[in-house]
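Asker: I have a structure here, written as structure tokens, and I will follow up with some questions on it.
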Amino acid sequence: MTEEPQRTFEIERKYDADADTALPDWTGIPGVLSVTDGEPRELDARYLDTVDAALARNGIALRRRTGGPDAGWHIKGPRQGDGRLELGWPLGDADRLPDAVAEMVAQWTDADLHPIARIENSRTAFHLLGADGIIAEFVDDHVRATDLRTGTRREWREWEMELGPAAPGDRGAFFAAVDAAVFAAGGRKPSSGSKLARALGF
């Protein structure tokens with residue numbers, strides 16, 4: 001029987017930030033009562049695709065990531081509305097693609113998969129807390145990426161705000177307040193749609 005993946009529907013916003021930009025002030029965000037201390041996480045991900053980028057052409061990203069609370073194999077699907085479905089499986093043995101992941105990937109391609117990028121990330125994660133629990137998770141990422149096709153290395157800093165289990169009903173108002181806090185701190189709209197795209201020069 002095929003192992004069922006963990007399913008997460010991510011609703012998040014990304015931002016660019018300079019290396020020395022101070023973190024935003026979240027005290028003005030509606031519903032936020034407190035913010036946890038930052039939790040450091042060292043993440044190391046390797047992304048795979050076919051030579052002709054069959055997964056990317058279908059809006060799919062496949063990675064094996066170590067470090068952090070969700071270490072494992074992940075398949076990120078194409079954007080659906082204001083979010084994106086992520087499927088997750090345990091790390092398994094060494095770097096071998098688990099059978100359950102291979103079966104899922106087969107719906108898009110049966111060609112050989114090759115490493116295309118390595119993304120190392122020094123992350124600090126914060127929880128924005130409200131009366132009913134975690135409203136959102138904010139992460140401050142210092143990213144070091146290598147395009148394994150060419151050897152090109154890139155470094156940048158970005159922020160992400162992802163809705164949590166106690167997210168407010170009015171997402172638009174919440175993210176508008178987040179935007180205002182980010183831009184006031186000196187953050188910017190993202191220059192790329194994902195870490196993988198930026199690692200590969202897109």
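Chain labels run A, B, ... following the order of the structure tokens; each chain numbers its residues from 1, and ligands are numbered from 1 in the order shown.
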Could you list, as a ChimeraX atom specification, every residue within 12 Å of Glu120 in chain A, counting only C-alpha atoms and ignoring same-chain residues fewer than 3 positions away?

Answerer: /A:41-47,64-68,117,123,141-147,153-157,195-196,199

Asker: Using 12 Å as the limit and counting only C-alpha atoms, can you tabulate each residue of range 110-159 of chain A that touches range 174-181 of chain A, with its shortest atom-to-atom distance in Å and the two atoms involved, as CSV?

Answerer:
```
residue,atom,partner,partner_atom,distance
A:Leu128,CA,A:Val178,CA,11.3
A:Ile135,CA,A:Phe174,CA,9.8
A:Ala136,CA,A:Phe174,CA,10.0
A:Glu137,CA,A:Val178,CA,11.8
A:Phe138,CA,A:Val178,CA,10.2
A:Trp159,CA,A:Val178,CA,11.2
```

Asker: Using Å and a single decimal, report how far CA of Asp112 in chain A sits from CA of Arg7 in chain A.

Answerer: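 Calculated distance between CA of Arg7 in chain A and CA of Asp112 in chain A is 25.2 Å.
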
Asker: Quick one: pull the distance between CA of His114 in chain A and CA of Val51 in chain A, Å, one decimal.

Answerer: 7.2 Å

Asker: Would you list the contacts of Leu87 in chain A as a PyMOL selection string, taking every protein, DNA or RNA residue within 9 Å and counting only C-alpha atoms, but skipping same-chain residues closer than 3 positions in sequence?

Answerer: chain A and resi 5-9+73-77

Asker: Enumerate as a tab-separated table (two decimals) with C-alpha atoms, in the first residue's frame all residues of range 30-174 of chain A assigned to strand (DSSP E) by DSSP on the backbone, naming them with the chain letters and numbers the document uses.

Answerer:
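Dumped to selection-v5.tsv:
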```
chain	number	residue	atom	x	y	z
A	34	SER	CA	2.41	38.58	21.11
A	35	VAL	CA	5.32	37.27	19.04
A	39	GLU	CA	13.79	29.87	16.70
A	40	PRO	CA	16.95	29.23	14.61
A	41	ARG	CA	16.79	26.49	11.98
A	42	GLU	CA	19.50	25.31	9.58
A	43	LEU	CA	17.89	23.92	6.42
A	44	ASP	CA	19.58	22.12	3.54
A	45	ALA	CA	17.51	21.19	0.47
A	46	ARG	CA	18.33	19.50	-2.81
A	47	TYR	CA	15.89	19.92	-5.68
A	48	LEU	CA	15.45	17.43	-8.51
A	49	ASP	CA	13.99	17.58	-12.01
A	61	ALA	CA	8.96	21.36	-7.30
A	62	LEU	CA	10.52	18.20	-5.80
A	63	ARG	CA	13.03	18.41	-2.96
A	64	ARG	CA	14.70	16.50	-0.15
A	65	ARG	CA	15.30	18.77	2.84
A	66	THR	CA	17.03	18.19	6.15
A	72	GLY	CA	11.68	15.09	4.51
A	73	TRP	CA	10.76	14.74	0.86
A	74	HIS	CA	8.38	17.41	-0.41
A	75	ILE	CA	6.39	17.92	-3.59
A	76	LYS	CA	5.03	21.43	-4.03
A	77	GLY	CA	2.19	21.68	-6.48
A	78	PRO	CA	1.15	24.54	-8.75
A	79	ARG	CA	-0.52	27.57	-7.20
A	80	GLN	CA	-4.24	27.17	-6.49
A	83	GLY	CA	-2.13	29.07	-1.92
A	84	ARG	CA	-0.14	26.01	-2.88
A	85	LEU	CA	-0.49	22.35	-1.85
A	86	GLU	CA	2.61	20.72	-0.36
A	87	LEU	CA	2.90	16.94	0.07
A	88	GLY	CA	5.44	15.56	2.53
A	89	TRP	CA	7.05	12.18	3.26
A	114	HIS	CA	18.76	14.76	-11.51
A	115	PRO	CA	19.80	17.25	-8.81
A	116	ILE	CA	19.35	20.77	-10.18
A	117	ALA	CA	19.85	23.01	-7.14
A	118	ARG	CA	21.02	23.02	-3.55
A	119	ILE	CA	19.52	25.61	-1.21
A	120	GLU	CA	21.01	26.13	2.24
A	121	ASN	CA	19.04	28.43	4.50
A	122	SER	CA	19.80	29.92	7.90
A	123	ARG	CA	16.26	30.59	9.09
A	124	THR	CA	14.84	32.26	12.17
A	125	ALA	CA	11.16	31.47	12.75
A	126	PHE	CA	8.67	33.49	14.80
A	127	HIS	CA	5.04	32.75	15.68
A	128	LEU	CA	2.49	35.55	15.73
A	129	LEU	CA	0.06	34.60	18.48
A	130	GLY	CA	-3.57	35.60	18.93
A	133	GLY	CA	-3.31	30.28	18.95
A	134	ILE	CA	-0.87	30.72	16.07
A	135	ILE	CA	-2.13	33.31	13.61
A	136	ALA	CA	0.90	33.02	11.33
A	137	GLU	CA	4.54	32.05	11.16
A	138	PHE	CA	7.07	34.65	10.04
A	139	VAL	CA	10.51	33.50	8.91
A	140	ASP	CA	13.67	35.50	8.28
A	141	ASP	CA	15.75	33.58	5.71
A	142	HIS	CA	19.41	34.03	4.82
A	143	VAL	CA	19.74	31.90	1.70
A	144	ARG	CA	22.80	30.38	-0.01
A	145	ALA	CA	21.89	28.66	-3.27
A	146	THR	CA	23.88	26.71	-5.85
A	147	ASP	CA	22.66	26.04	-9.38
A	152	THR	CA	26.55	29.36	-10.06
A	153	ARG	CA	26.15	30.48	-6.44
A	154	ARG	CA	23.69	33.12	-5.27
A	155	GLU	CA	22.96	34.59	-1.84
A	156	TRP	CA	20.05	36.70	-0.67
A	157	ARG	CA	17.76	37.45	2.25
A	158	GLU	CA	14.00	37.05	2.17
A	159	TRP	CA	11.03	37.02	4.52
A	160	GLU	CA	7.93	34.83	4.45
A	161	MET	CA	4.64	35.13	6.32
A	162	GLU	CA	2.53	31.94	6.28
A	163	LEU	CA	-0.94	31.67	7.78
```

Asker: Rank nothing, just name the residue among A:Gly186, A:Asp82, A:Glu103, A:Ala131 nearest to Pro168 in chain A, using only C-alpha atoms.

Answerer: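 Closest to Pro168 in chain A, using only C-alpha atoms: A:Ala131.
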
Asker: Mind listing the alpha helix (DSSP H) residues of range 4-151 of chain A, per DSSP on the backbone, as a ChimeraX atom specification?

Answerer: /A:54-57,99-105

Asker: Let's have the selection written as a short mmCIF file (atom, residue, chain, number, x, y, z; two decimals), in the first residue's frame, with N, CA, C and O atoms.

Answerer:
```cif
data_model
loop_
_atom_site.label_atom_id
_atom_site.label_comp_id
_atom_site.auth_asym_id
_atom_site.auth_seq_id
_atom_site.Cartn_x
_atom_site.Cartn_y
_atom_site.Cartn_z
N ALA A 54 10.73 18.74 -16.81
CA ALA A 54 9.33 18.31 -16.90
C ALA A 54 8.51 18.71 -15.67
O ALA A 54 7.34 19.11 -15.79
N LEU A 55 9.10 18.64 -14.48
CA LEU A 55 8.36 19.01 -13.28
C LEU A 55 8.09 20.51 -13.25
O LEU A 55 6.96 20.95 -12.98
N ALA A 56 9.11 21.29 -13.53
CA ALA A 56 8.93 22.75 -13.52
C ALA A 56 7.88 23.18 -14.52
O ALA A 56 7.08 24.09 -14.24
N ARG A 57 7.83 22.54 -15.68
CA ARG A 57 6.84 22.90 -16.71
C ARG A 57 5.42 22.61 -16.26
O ARG A 57 4.47 23.19 -16.77
N ASP A 99 9.69 5.08 -2.75
CA ASP A 99 8.75 4.57 -3.75
C ASP A 99 7.47 5.40 -3.79
O ASP A 99 6.94 5.67 -4.88
N ALA A 100 6.98 5.82 -2.63
CA ALA A 100 5.73 6.59 -2.60
C ALA A 100 5.88 7.92 -3.32
O ALA A 100 4.96 8.38 -4.01
N VAL A 101 7.05 8.54 -3.19
CA VAL A 101 7.31 9.81 -3.88
C VAL A 101 7.45 9.58 -5.38
O VAL A 101 6.91 10.33 -6.19
N ALA A 102 8.17 8.51 -5.74
CA ALA A 102 8.34 8.18 -7.16
C ALA A 102 7.01 7.92 -7.84
O ALA A 102 6.78 8.34 -8.99
N GLU A 103 6.09 7.25 -7.13
CA GLU A 103 4.77 6.98 -7.70
C GLU A 103 4.01 8.27 -7.94
O GLU A 103 3.31 8.41 -8.95
N MET A 104 4.15 9.22 -7.02
CA MET A 104 3.47 10.50 -7.20
C MET A 104 4.07 11.27 -8.37
O MET A 104 3.34 11.85 -9.20
N VAL A 105 5.39 11.27 -8.49
CA VAL A 105 6.07 12.00 -9.55
C VAL A 105 5.74 11.42 -10.93
O VAL A 105 5.70 12.14 -11.93
#
```

Asker: Any idea what the distance is between CA of Ile60 in chain A and CA of Lys189 in chain A?

Answerer: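 Interatomic distance, CA of Ile60 in chain A to CA of Lys189 in chain A: 22.7 Å.
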
Asker: Out of A:Asp132, A:Asp16, A:Glu10, A:Glu4, which residue has the shortest atom-to-atom distance to Arg198 in chain A when counting only C-alpha atoms?

Answerer: A:Asp16

Asker: Would you mind telling me which residue in A:Gly38, A:Gly169, A:Ala111, A:Lys14 lies nearest to Ala53 in chain A when using only C-alpha atoms?

Answerer: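 Closest candidate: A:Ala111.
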
Asker: Counting only C-alpha atoms, which residue out of A:Ile11, A:Thr150, A:Asn58, A:Gly193 sits closest to Gln107 in chain A?

Answerer: A:Asn58
